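One file, coords.txt, carrying compact mmCIF, C-alpha atoms (C1' of nucleotides):
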# COMPACT_ATOMS: atom_id res chain seq x y z
CA MET A 1 117.47 88.16 -5.42
CA HIS A 2 115.35 90.95 -6.83
CA TYR A 3 115.13 93.15 -3.81
CA LEU A 4 117.52 95.43 -2.06
CA TYR A 5 118.85 93.41 0.78
CA ILE A 6 119.79 95.93 3.43
CA LYS A 7 122.91 94.69 5.16
CA ALA A 8 122.55 97.22 7.97
CA MET A 9 119.28 95.58 8.88
CA GLU A 10 120.80 92.16 9.30
CA GLU A 11 121.82 92.61 12.91
CA LYS A 12 118.31 93.62 13.85
CA VAL A 13 116.86 90.65 12.02
CA ARG A 14 119.36 88.27 13.64
CA HIS A 15 118.40 89.67 17.02
CA LEU A 16 114.67 89.29 16.36
CA LEU A 17 115.13 85.68 15.28
CA SER A 18 117.27 84.49 18.18
CA GLN A 19 115.06 86.39 20.60
CA LYS A 20 112.26 84.10 19.45
CA ASP A 21 114.34 80.89 19.52
CA LEU A 22 114.47 80.68 15.77
CA LYS A 23 117.77 79.64 14.23
CA VAL A 24 119.34 82.25 12.02
CA THR A 25 119.26 80.86 8.50
CA ARG A 26 119.70 82.26 5.01
CA VAL A 27 115.98 81.89 4.26
CA ARG A 28 114.82 83.52 7.46
CA LEU A 29 117.17 86.48 7.06
CA LEU A 30 115.85 87.06 3.56
CA VAL A 31 112.19 86.72 4.39
CA LEU A 32 112.13 88.63 7.66
CA GLY A 33 114.34 91.34 6.14
CA LEU A 34 111.86 91.71 3.29
CA LEU A 35 108.81 91.76 5.55
CA LEU A 36 110.39 94.46 7.69
CA GLN A 37 110.86 96.65 4.62
CA ASN A 38 107.21 96.39 3.64
CA ARG A 39 104.47 98.40 5.21
CA ALA A 40 101.79 96.30 3.54
CA ALA A 41 101.20 92.65 4.28
CA MET A 42 102.65 90.29 1.67
CA SER A 43 101.50 87.03 0.11
CA HIS A 44 103.51 83.86 -0.31
CA ALA A 45 103.51 84.42 -4.08
CA GLU A 46 104.67 88.01 -3.76
CA ILE A 47 107.51 87.16 -1.40
CA SER A 48 108.44 84.21 -3.54
CA SER A 49 108.66 86.23 -6.74
CA ILE A 50 110.61 89.08 -5.11
CA ILE A 51 113.17 86.84 -3.48
CA GLY A 52 113.22 84.58 -6.53
CA GLU A 53 111.70 81.15 -6.86
CA ASP A 54 115.14 79.62 -7.29
CA ASN A 55 116.30 81.05 -3.99
CA ILE A 56 113.61 79.56 -1.75
CA ASP A 57 111.57 76.40 -2.00
CA LYS A 58 107.84 77.08 -1.73
CA VAL A 59 107.39 74.64 1.14
CA THR A 60 110.24 76.21 3.07
CA LEU A 61 108.68 79.62 2.57
CA TYR A 62 105.35 78.41 3.93
CA ARG A 63 107.09 76.88 6.93
CA THR A 64 109.18 80.00 7.46
CA LEU A 65 106.13 82.24 7.44
CA ASN A 66 104.21 79.95 9.76
CA ALA A 67 107.18 79.86 12.13
CA PHE A 68 107.16 83.66 12.27
CA VAL A 69 103.45 83.60 13.05
CA GLU A 70 103.77 80.90 15.73
CA LYS A 71 106.58 82.76 17.44
CA GLY A 72 104.66 86.00 17.36
CA LEU A 73 107.03 87.80 15.01
CA ALA A 74 104.35 88.21 12.38
CA HIS A 75 100.67 87.60 11.86
CA LYS A 76 98.60 86.57 8.89
CA VAL A 77 95.46 88.01 7.37
CA ALA A 78 93.20 86.36 4.81
CA THR A 79 92.44 88.32 1.64
CA GLU A 80 89.01 88.54 0.07
CA ASP A 81 89.98 85.80 -2.35
CA ARG A 82 91.25 83.56 0.42
CA ASN A 83 94.98 83.89 0.24
CA TRP A 84 97.14 84.52 3.25
CA LEU A 85 99.08 87.73 3.64
CA TYR A 86 101.86 88.03 6.20
CA ALA A 87 103.03 91.12 8.05
CA VAL A 88 105.50 91.66 10.87
CA TYR A 89 104.28 93.47 13.93
CA GLU A 90 105.35 97.08 14.16
CA GLU A 91 108.31 98.36 16.17
CA ASN A 92 106.50 98.29 19.48
CA HIS A 93 105.21 94.80 18.92
CA GLU A 94 105.49 93.92 22.59
CA THR A 95 102.22 95.71 23.24
CA HIS A 96 100.82 95.16 19.81
CA THR A 97 98.63 92.08 19.65
CA SER A 98 96.02 90.87 17.23
CA GLU A 99 93.40 92.16 19.63
CA ASP A 100 94.15 95.82 19.18
CA HIS A 101 94.70 96.32 15.53
CA ALA A 102 92.60 96.54 12.44
CA HIS A 103 93.33 95.58 8.86
CA PHE A 104 92.95 98.09 6.09
CA VAL A 105 92.17 96.66 2.66
CA CYS A 106 92.74 98.96 -0.31
CA ASP A 107 89.87 98.53 -2.78
CA GLU A 108 92.14 99.64 -5.61
CA CYS A 109 95.43 97.79 -5.25
CA GLU A 110 94.09 95.23 -2.77
CA LYS A 111 97.07 95.63 -0.47
CA ILE A 112 96.45 95.13 3.23
CA TYR A 113 97.89 97.39 5.93
CA CYS A 114 97.80 97.10 9.71
CA PHE A 115 96.19 99.86 11.73
CA PRO A 116 96.21 100.64 15.43
CA VAL A 117 92.79 100.76 17.09
CA ASP A 118 91.67 102.76 20.07
CA GLN A 119 90.53 100.21 22.66
CA THR A 120 87.94 102.32 24.41
CA SER A 121 85.95 103.12 21.29
CA PHE A 122 86.42 99.55 20.19
CA GLU A 123 84.37 98.36 23.18
CA ILE A 124 81.14 99.94 22.10
CA THR A 125 81.32 98.82 18.52
CA THR A 126 78.44 96.39 18.66
CA GLN A 127 75.13 96.17 20.37
CA LYS A 128 75.03 93.35 22.87
CA LYS A 129 73.10 90.28 21.87
CA GLN A 130 71.72 87.93 24.45
CA GLY A 131 73.57 84.72 25.09
CA PHE A 132 76.67 85.67 23.15
CA LYS A 133 79.84 86.28 25.12
CA ILE A 134 82.27 88.50 23.22
CA ARG A 135 85.95 87.94 24.00
CA SER A 136 87.76 89.81 21.26
CA ARG A 137 87.11 91.95 18.22
CA GLU A 138 88.68 92.36 14.85
CA VAL A 139 88.04 95.23 12.48
CA ARG A 140 88.51 95.22 8.76
CA LEU A 141 88.49 98.53 6.94
CA HIS A 142 87.99 99.06 3.23
CA GLY A 143 88.98 102.13 1.26
CA LEU A 144 91.91 103.70 -0.55
CA CYS A 145 95.52 103.55 0.58
CA PRO A 146 97.79 106.63 0.35
CA ILE A 147 99.20 105.46 -3.01
CA CYS A 148 95.83 104.90 -4.67
CA ASN A 149 94.01 107.78 -3.00
CA MET B 150 67.75 64.11 2.61
CA HIS B 151 68.85 64.20 6.22
CA TYR B 152 67.09 67.31 7.34
CA LEU B 153 63.55 68.17 8.08
CA TYR B 154 62.28 69.80 4.96
CA ILE B 155 59.54 72.12 6.11
CA LYS B 156 56.81 72.09 3.50
CA ALA B 157 55.13 75.16 4.98
CA MET B 158 58.25 77.15 4.22
CA GLU B 159 58.20 76.27 0.56
CA GLU B 160 55.90 79.09 -0.48
CA LYS B 161 58.15 81.63 1.19
CA VAL B 162 61.22 80.14 -0.49
CA ARG B 163 59.51 80.10 -3.89
CA HIS B 164 58.59 83.72 -3.43
CA LEU B 165 62.12 84.73 -2.43
CA LEU B 166 63.58 82.98 -5.46
CA SER B 167 61.26 84.39 -8.09
CA GLN B 168 61.52 87.82 -6.50
CA LYS B 169 65.24 87.67 -7.34
CA ASP B 170 64.73 86.28 -10.85
CA LEU B 171 65.99 82.86 -9.90
CA LYS B 172 64.15 79.90 -11.34
CA VAL B 173 62.53 77.67 -8.76
CA THR B 174 64.38 74.39 -8.88
CA ARG B 175 64.66 71.33 -6.66
CA VAL B 176 68.20 72.24 -5.64
CA ARG B 177 67.40 75.85 -4.82
CA LEU B 178 64.35 74.94 -2.76
CA LEU B 179 66.42 72.53 -0.72
CA VAL B 180 69.39 74.83 -0.17
CA LEU B 181 67.52 78.05 0.53
CA GLY B 182 65.10 76.17 2.78
CA LEU B 183 67.99 74.80 4.77
CA LEU B 184 69.76 78.16 5.03
CA LEU B 185 66.59 79.79 6.29
CA GLN B 186 66.35 77.23 9.07
CA ASN B 187 69.88 77.92 10.28
CA ARG B 188 70.80 80.86 12.39
CA ALA B 189 74.53 80.19 11.89
CA ALA B 190 76.26 80.50 8.54
CA MET B 191 76.91 77.19 6.80
CA SER B 192 79.75 75.79 4.73
CA HIS B 193 79.48 74.02 1.42
CA ALA B 194 80.58 70.78 3.11
CA GLU B 195 78.00 71.15 5.88
CA ILE B 196 75.14 71.84 3.49
CA SER B 197 76.31 69.05 1.24
CA SER B 198 76.38 66.47 4.01
CA ILE B 199 73.02 67.51 5.46
CA ILE B 200 71.20 67.47 2.13
CA GLY B 201 73.13 64.38 1.07
CA GLU B 202 75.94 64.18 -1.46
CA ASP B 203 73.79 62.06 -3.73
CA ASN B 204 71.10 64.70 -3.84
CA ILE B 205 73.22 67.61 -5.08
CA ASP B 206 76.30 67.74 -7.22
CA LYS B 207 79.08 69.75 -5.53
CA VAL B 208 79.50 72.08 -8.51
CA THR B 209 75.78 72.78 -8.59
CA LEU B 210 75.88 73.60 -4.90
CA TYR B 211 78.73 76.07 -5.40
CA ARG B 212 76.85 77.68 -8.25
CA THR B 213 73.63 77.77 -6.28
CA LEU B 214 75.28 79.45 -3.31
CA ASN B 215 77.05 81.96 -5.52
CA ALA B 216 73.78 82.73 -7.28
CA PHE B 217 72.19 83.50 -3.90
CA VAL B 218 75.09 85.81 -3.06
CA GLU B 219 74.99 87.57 -6.43
CA LYS B 220 71.27 88.17 -6.18
CA GLY B 221 71.60 89.47 -2.65
CA LEU B 222 69.65 86.65 -1.02
CA ALA B 223 72.66 85.58 1.03
CA HIS B 224 76.20 86.63 1.78
CA LYS B 225 79.39 84.73 2.43
CA VAL B 226 81.95 85.00 5.21
CA ALA B 227 85.40 83.48 5.25
CA THR B 228 86.28 81.31 8.25
CA GLU B 229 89.61 81.44 10.06
CA ASP B 230 90.78 78.53 7.97
CA ARG B 231 89.59 80.24 4.84
CA ASN B 232 86.50 78.34 3.87
CA TRP B 233 83.39 80.12 2.83
CA LEU B 234 80.28 80.09 4.98
CA TYR B 235 76.92 81.17 3.60
CA ALA B 236 74.05 82.81 5.41
CA VAL B 237 70.77 84.30 4.23
CA TYR B 238 70.02 87.85 5.24
CA GLU B 239 67.56 88.22 8.06
CA GLU B 240 63.86 89.01 7.63
CA ASN B 241 64.40 92.71 7.09
CA HIS B 242 67.13 92.16 4.57
CA GLU B 243 66.13 95.20 2.54
CA THR B 244 67.99 97.45 4.96
CA HIS B 245 70.51 94.87 6.01
CA THR B 246 73.73 95.19 4.01
CA SER B 247 77.25 93.95 4.56
CA GLU B 248 78.12 97.44 5.81
CA ASP B 249 76.05 97.32 8.94
CA HIS B 250 76.54 93.90 10.34
CA ALA B 251 79.27 92.07 12.14
CA HIS B 252 80.20 88.42 12.19
CA PHE B 253 80.41 86.55 15.45
CA VAL B 254 82.78 83.57 15.49
CA CYS B 255 82.31 81.07 18.32
CA ASP B 256 85.74 80.01 19.61
CA GLU B 257 84.27 76.72 20.78
CA CYS B 258 82.12 75.35 17.95
CA GLU B 259 83.54 77.71 15.31
CA LYS B 260 80.09 78.56 14.01
CA ILE B 261 79.61 82.04 12.58
CA TYR B 262 76.55 84.20 13.31
CA CYS B 263 75.51 87.56 11.87
CA PHE B 264 75.11 90.50 14.20
CA PRO B 265 73.57 93.93 13.74
CA VAL B 266 75.92 96.85 14.36
CA ASP B 267 75.10 100.34 15.53
CA GLN B 268 76.34 102.68 12.79
CA THR B 269 77.11 105.70 14.95
CA SER B 270 79.45 103.86 17.30
CA PHE B 271 80.91 102.11 14.30
CA GLU B 272 82.23 105.42 12.98
CA ILE B 273 84.69 106.01 15.75
CA THR B 274 86.13 102.54 15.74
CA THR B 275 89.57 103.49 14.47
CA GLN B 276 91.93 106.37 14.83
CA LYS B 277 92.38 108.19 11.55
CA LYS B 278 95.63 107.52 9.74
CA GLN B 279 96.94 110.01 7.26
CA GLY B 280 96.55 109.24 3.60
CA PHE B 281 94.12 106.38 4.09
CA LYS B 282 90.54 106.93 2.99
CA ILE B 283 88.13 104.64 4.78
CA ARG B 284 84.99 103.72 2.85
CA SER B 285 83.53 100.83 4.80
CA ARG B 286 84.10 98.73 7.88
CA GLU B 287 83.60 95.13 8.83
CA VAL B 288 83.70 93.82 12.36
CA ARG B 289 84.49 90.30 13.41
CA LEU B 290 83.74 89.24 16.97
CA HIS B 291 85.15 86.25 18.77
CA GLY B 292 83.72 84.57 21.83
CA LEU B 293 81.15 82.01 22.90
CA CYS B 294 77.78 81.47 21.27
CA PRO B 295 74.64 80.82 23.37
CA ILE B 296 75.00 77.04 22.95
CA CYS B 297 78.65 76.89 24.05
CA ASN B 298 78.44 79.61 26.66
C1' DA C 299 137.71 74.85 16.11
C1' DC C 300 135.16 70.33 15.95
C1' DA C 301 131.69 66.86 16.54
C1' DA C 302 127.14 65.57 17.92
C1' DA C 303 122.51 66.64 18.43
C1' DT C 304 118.83 69.02 16.74
C1' DA C 305 116.39 71.97 13.64
C1' DA C 306 115.72 73.65 8.93
C1' DT C 307 115.60 72.76 4.08
C1' DG C 308 114.32 70.88 -0.51
C1' DC C 309 111.95 67.68 -3.24
C1' DA C 310 108.10 64.77 -4.79
C1' DA C 311 103.83 63.53 -4.18
C1' DC C 312 99.55 64.57 -2.22
C1' DT C 313 95.05 67.01 -0.45
C1' DG C 314 90.99 69.57 -0.84
C1' DA C 315 88.39 73.79 -2.04
C1' DG C 316 86.77 75.70 -5.76
C1' DT C 317 86.46 76.25 -11.18
C1' DT C 318 85.74 75.33 -16.25
C1' DG C 319 83.77 73.30 -20.36
C1' DC C 320 80.24 70.84 -22.18
C1' DA C 321 76.40 67.90 -22.95
C1' DA C 322 71.90 66.63 -20.94
C1' DT C 323 67.97 68.25 -18.48
C1' DT C 324 64.42 71.34 -16.73
C1' DA C 325 61.65 75.70 -15.79
C1' DG C 326 58.48 78.88 -17.31
C1' DG C 327 56.58 81.98 -20.72
C1' DA C 328 54.38 82.02 -25.52
C1' DT D 329 52.20 71.77 -25.26
C1' DC D 330 56.44 73.60 -27.25
C1' DC D 331 60.61 76.43 -27.32
C1' DT D 332 64.37 78.80 -25.49
C1' DA D 333 67.26 79.99 -22.05
C1' DA D 334 68.72 78.78 -17.61
C1' DT D 335 70.17 75.11 -14.67
C1' DT D 336 72.25 70.80 -13.68
C1' DG D 337 75.67 66.97 -13.47
C1' DC D 338 79.91 65.00 -14.76
C1' DA D 339 84.89 64.81 -15.72
C1' DA D 340 88.84 66.99 -15.71
C1' DC D 341 91.37 70.70 -14.07
C1' DT D 342 93.68 74.62 -11.15
C1' DC D 343 96.01 76.33 -7.36
C1' DA D 344 97.14 77.17 -2.41
C1' DG D 345 98.83 74.80 0.99
C1' DT D 346 100.50 70.21 3.36
C1' DT D 347 102.99 65.77 4.42
C1' DG D 348 106.79 62.52 4.59
C1' DC D 349 111.35 61.87 4.22
C1' DA D 350 116.14 62.16 3.09
C1' DT D 351 119.69 65.81 3.05
C1' DT D 352 121.86 69.82 4.85
C1' DA D 353 122.84 73.52 8.03
C1' DT D 354 122.93 75.68 12.73
C1' DT D 355 123.95 75.58 17.40
C1' DT D 356 125.86 74.01 21.74
C1' DG D 357 129.24 71.83 24.53
C1' DT D 358 133.91 70.47 24.68
Would it be possible to restate this file's structure as structure tokens?
Amino acid sequence: MHYLYIKAMEEKVRHLLSQKDLKVTRVRLLVLGLLLQNRAAMSHAEISSIIGEDNIDKVTLYRTLNAFVEKGLAHKVATEDRNWLYAVYEENHETHTSEDHAHFVCDECEKIYCFPVDQTSFEITTQKKQGFKIRSREVRLHGLCPICN
Amino acid sequence: MHYLYIKAMEEKVRHLLSQKDLKVTRVRLLVLGLLLQNRAAMSHAEISSIIGEDNIDKVTLYRTLNAFVEKGLAHKVATEDRNWLYAVYEENHETHTSEDHAHFVCDECEKIYCFPVDQTSFEITTQKKQGFKIRSREVRLHGLCPICN
DNA sequence: ACAAATAATGCAACTGAGTTGCAATTAGGA
DNA sequence: TCCTAATTGCAACTCAGTTGCATTATTTGT
């Protein structure tokens, strides 16, 4: 285990898991604990190397991450080079859906961060085009993150 | 060849290719001709099956599509399930860059269409977040296309 | 605290998109 | 027409992610 596992966080993680009908297991405590520590979205490879390849099977990690996504604990974003990155929803994730947030991609370090989006200004983003019925929007921002800026 | 190759279009395609310093070849005429006929972006698999697997090697098709993207004839969009779709820029592609268009994803047929975006309203899409420097934006719209609507 | 039922895990083998290296072929200018 | 560089086609490969299945761990009811 090459990351600081914060014991004090464990209760919160246990609560989040059982709240979503997910059994509390060693793997899930590790992965969700790690995701909660990270502001940026993380890839399977990144998580795997931080936690240690010997500590989690790759298939189990994929299934764990997908379970988090299915239960609404986390969401996934595709990178430019077609890998998945996973991020937990922020504190107030009850009101925080995929519909009202944007993804920020740092052009330098290529990390992806989640951003809140103002709904009202979101509405007028595009000109209407006949025949197309728009149901939801997703914004992707490119630039420099605070570390690389 | 399972698509209607429009002979009248050939001159236009030839012109587009040589304009971008791409040699006019059988494969390129077929692929660019097909892309120009389609309003929706197309996948490698889709193009391959329409033109016929026996008519183009898969590697050649990948290289052809990438050449179009590199030369600015087309651009690629990732689908939800992380495949690439390719679309030629519209008629006025001189002023049509990746910065000022959105992608519309039909929830029904999953086709992807390109949309123009109004720059001024684009600006106010997100609340500013400290430390992050936004350079460009990309909007993805979900809904129903004219055929499925 | 224990056993049974159910869910999660780990492993091996697989899939499928996309890439690389290289030899054969073709386009287009001299 | 000929020459050179670009393009093509093939085989073999990479790498993310998946599937099937036997093993193990968690939870619930007693």
Compile the residues of chain A that lie within 10 Å of chain D, evaluated using all atoms listed in the file, and express the compilation as a list in words.
->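 Written out as asked, the residues are Lys23, Val24, Thr25, Arg26, His44, Ala45, Lys58, Val59, Tyr62, Arg82, Asn83 and Trp84 of chain A.
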Chain C residues within 10 Å of chain B, counting all atoms listed in the file: which ones, as number ranges by chain?
-> C: 315-317, 324-326
Near range 280-294 of chain B, counting all atoms listed in the file, which residues have an atom at most 7 Å away, once you skip same-chain residues fewer than 2 positions from it, shown as a list in words?
->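 These residues fall inside the cut-off: Gly131, Phe132, Lys133, Ile134, Arg135, Ser136, Arg137, Glu138, Val139, Arg140, Leu141, His142, Gly143, Leu144, Cys145, Pro146 and Asn149 of chain A; Glu248, Ala251, His252, Phe253, Val254, Cys255, Asp256, Glu257, Lys278, Ile296, Cys297 and Asn298 of chain B.
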At what distance in Å, to one decimal, does CA of Val88 in chain A lie from CA of Leu36 in chain A?
->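 Pair CA of Leu36 in chain A / CA of Val88 in chain A returns 6.5 Å.
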Interatomic distance between CA of Lys156 in chain B and CA of Ala223 in chain B?
->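 Going from CA of Lys156 in chain B over to CA of Ala223 in chain B, I get 21.0 Å.
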Skip Asn38 in chain A itself and residues of its chain fewer than 2 positions away, then list as a VMD selection string all residues within 12 Å of it, counting only C-alpha atoms (C1' of nucleotides).
-> chain A and resid 3 to 4 31 to 36 40 to 43 46 to 47 50 85 to 90 111 to 114
Output file for the selection above: C-alpha atoms, as an mmCIF file, in the frame of the given file:
data_model
loop_
_atom_site.group_PDB
_atom_site.id
_atom_site.type_symbol
_atom_site.label_atom_id
_atom_site.label_comp_id
_atom_site.auth_asym_id
_atom_site.auth_seq_id
_atom_site.Cartn_x
_atom_site.Cartn_y
_atom_site.Cartn_z
ATOM 1 C CA TYR A 3 115.130 93.150 -3.810
ATOM 2 C CA LEU A 4 117.520 95.430 -2.060
ATOM 3 C CA VAL A 31 112.190 86.720 4.390
ATOM 4 C CA LEU A 32 112.130 88.630 7.660
ATOM 5 C CA GLY A 33 114.340 91.340 6.140
ATOM 6 C CA LEU A 34 111.860 91.710 3.290
ATOM 7 C CA LEU A 35 108.810 91.760 5.550
ATOM 8 C CA LEU A 36 110.390 94.460 7.690
ATOM 9 C CA ALA A 40 101.790 96.300 3.540
ATOM 10 C CA ALA A 41 101.200 92.650 4.280
ATOM 11 C CA MET A 42 102.650 90.290 1.670
ATOM 12 C CA SER A 43 101.500 87.030 0.110
ATOM 13 C CA GLU A 46 104.670 88.010 -3.760
ATOM 14 C CA ILE A 47 107.510 87.160 -1.400
ATOM 15 C CA ILE A 50 110.610 89.080 -5.110
ATOM 16 C CA LEU A 85 99.080 87.730 3.640
ATOM 17 C CA TYR A 86 101.860 88.030 6.200
ATOM 18 C CA ALA A 87 103.030 91.120 8.050
ATOM 19 C CA VAL A 88 105.500 91.660 10.870
ATOM 20 C CA TYR A 89 104.280 93.470 13.930
ATOM 21 C CA GLU A 90 105.350 97.080 14.160
ATOM 22 C CA LYS A 111 97.070 95.630 -0.470
ATOM 23 C CA ILE A 112 96.450 95.130 3.230
ATOM 24 C CA TYR A 113 97.890 97.390 5.930
ATOM 25 C CA CYS A 114 97.800 97.100 9.710
#
Nearest-residue call for DT307 in chain C, choices A:Cys109, A:Ala8, A:Ala78, A:Ile56, using all atoms listed in the file | A:Ile56
Would you compute the box with edges along x, y and z of the file around range 69-86 of chain A, including every atom the file lists for it and 5 Å extra on each side, and give its centre and edge lengths in Å to one decimal, as AutoDock Vina command-line options?
--center_x 98.0 --center_y 84.7 --center_z 7.5 --size_x 28.0 --size_y 17.6 --size_z 29.8
Residues within 12 Å of Asp203 in chain B, only C-alpha atoms (C1' of nucleotides), excluding chain neighbours under 4 positions, as a ChimeraX atom specification | /B:150-151,176,197-199,207,209-210 /D:337
Nearest candidate to chain B (options A:Glu110, A:Asp21, A:Glu11, A:Glu80; using all atoms listed in the file) = A:Glu80
To one decimal in Å, tell me the separation between CA of Leu65 in chain A and C1' of DA310 in chain C.
-> 21.4 Å
Output range 27-52 of chain A with N, CA and C atoms present, as a JSON list (two decimals), in the coordinates of the input.
[["chain", "number", "residue", "atom", "x", "y", "z"],
["A", 27, "VAL", "N", 117.37, 81.65, 4.63],
["A", 27, "VAL", "CA", 115.98, 81.89, 4.26],
["A", 27, "VAL", "C", 115.31, 82.88, 5.21],
["A", 28, "ARG", "N", 115.50, 82.67, 6.49],
["A", 28, "ARG", "CA", 114.82, 83.52, 7.46],
["A", 28, "ARG", "C", 115.33, 84.95, 7.44],
["A", 29, "LEU", "N", 116.62, 85.13, 7.18],
["A", 29, "LEU", "CA", 117.17, 86.48, 7.06],
["A", 29, "LEU", "C", 116.54, 87.20, 5.87],
["A", 30, "LEU", "N", 116.44, 86.48, 4.77],
["A", 30, "LEU", "CA", 115.85, 87.06, 3.56],
["A", 30, "LEU", "C", 114.40, 87.45, 3.77],
["A", 31, "VAL", "N", 113.63, 86.50, 4.28],
["A", 31, "VAL", "CA", 112.19, 86.72, 4.39],
["A", 31, "VAL", "C", 111.85, 87.77, 5.44],
["A", 32, "LEU", "N", 112.44, 87.65, 6.61],
["A", 32, "LEU", "CA", 112.13, 88.63, 7.66],
["A", 32, "LEU", "C", 112.64, 90.01, 7.27],
["A", 33, "GLY", "N", 113.80, 90.07, 6.64],
["A", 33, "GLY", "CA", 114.34, 91.34, 6.14],
["A", 33, "GLY", "C", 113.36, 92.00, 5.17],
["A", 34, "LEU", "N", 112.82, 91.19, 4.27],
["A", 34, "LEU", "CA", 111.86, 91.71, 3.29],
["A", 34, "LEU", "C", 110.58, 92.19, 3.95],
["A", 35, "LEU", "N", 110.05, 91.38, 4.86],
["A", 35, "LEU", "CA", 108.81, 91.76, 5.55],
["A", 35, "LEU", "C", 108.98, 93.07, 6.32],
["A", 36, "LEU", "N", 110.16, 93.24, 6.91],
["A", 36, "LEU", "CA", 110.39, 94.46, 7.69],
["A", 36, "LEU", "C", 110.43, 95.70, 6.81],
["A", 37, "GLN", "N", 110.80, 95.51, 5.55],
["A", 37, "GLN", "CA", 110.86, 96.65, 4.62],
["A", 37, "GLN", "C", 109.49, 97.05, 4.12],
["A", 38, "ASN", "N", 108.52, 96.13, 4.23],
["A", 38, "ASN", "CA", 107.21, 96.39, 3.64],
["A", 38, "ASN", "C", 106.16, 96.80, 4.63],
["A", 39, "ARG", "N", 105.52, 97.93, 4.34],
["A", 39, "ARG", "CA", 104.47, 98.40, 5.21],
["A", 39, "ARG", "C", 103.22, 97.56, 5.03],
["A", 40, "ALA", "N", 102.98, 97.12, 3.81],
["A", 40, "ALA", "CA", 101.79, 96.30, 3.54],
["A", 40, "ALA", "C", 102.10, 94.83, 3.76],
["A", 41, "ALA", "N", 101.06, 94.09, 4.09],
["A", 41, "ALA", "CA", 101.20, 92.65, 4.28],
["A", 41, "ALA", "C", 101.47, 92.00, 2.92],
["A", 42, "MET", "N", 102.24, 90.92, 2.92],
["A", 42, "MET", "CA", 102.65, 90.29, 1.67],
["A", 42, "MET", "C", 102.21, 88.83, 1.57],
["A", 43, "SER", "N", 101.90, 88.42, 0.35],
["A", 43, "SER", "CA", 101.50, 87.03, 0.11],
["A", 43, "SER", "C", 102.71, 86.14, -0.13],
["A", 44, "HIS", "N", 102.49, 84.85, 0.01],
["A", 44, "HIS", "CA", 103.51, 83.86, -0.31],
["A", 44, "HIS", "C", 104.04, 84.09, -1.72],
["A", 45, "ALA", "N", 103.13, 84.26, -2.68],
["A", 45, "ALA", "CA", 103.51, 84.42, -4.08],
["A", 45, "ALA", "C", 104.36, 85.66, -4.29],
["A", 46, "GLU", "N", 103.96, 86.74, -3.63],
["A", 46, "GLU", "CA", 104.67, 88.01, -3.76],
["A", 46, "GLU", "C", 106.09, 87.89, -3.22],
["A", 47, "ILE", "N", 106.20, 87.34, -2.03],
["A", 47, "ILE", "CA", 107.51, 87.16, -1.40],
["A", 47, "ILE", "C", 108.37, 86.25, -2.28],
["A", 48, "SER", "N", 107.74, 85.19, -2.73],
["A", 48, "SER", "CA", 108.44, 84.21, -3.54],
["A", 48, "SER", "C", 108.99, 84.83, -4.83],
["A", 49, "SER", "N", 108.19, 85.67, -5.47],
["A", 49, "SER", "CA", 108.66, 86.23, -6.74],
["A", 49, "SER", "C", 109.70, 87.33, -6.51],
["A", 50, "ILE", "N", 109.61, 88.03, -5.40],
["A", 50, "ILE", "CA", 110.61, 89.08, -5.11],
["A", 50, "ILE", "C", 111.95, 88.46, -4.76],
["A", 51, "ILE", "N", 111.92, 87.47, -3.89],
["A", 51, "ILE", "CA", 113.17, 86.84, -3.48],
["A", 51, "ILE", "C", 113.71, 85.94, -4.59],
["A", 52, "GLY", "N", 112.81, 85.44, -5.42],
["A", 52, "GLY", "CA", 113.22, 84.58, -6.53],
["A", 52, "GLY", "C", 112.91, 83.14, -6.22]]
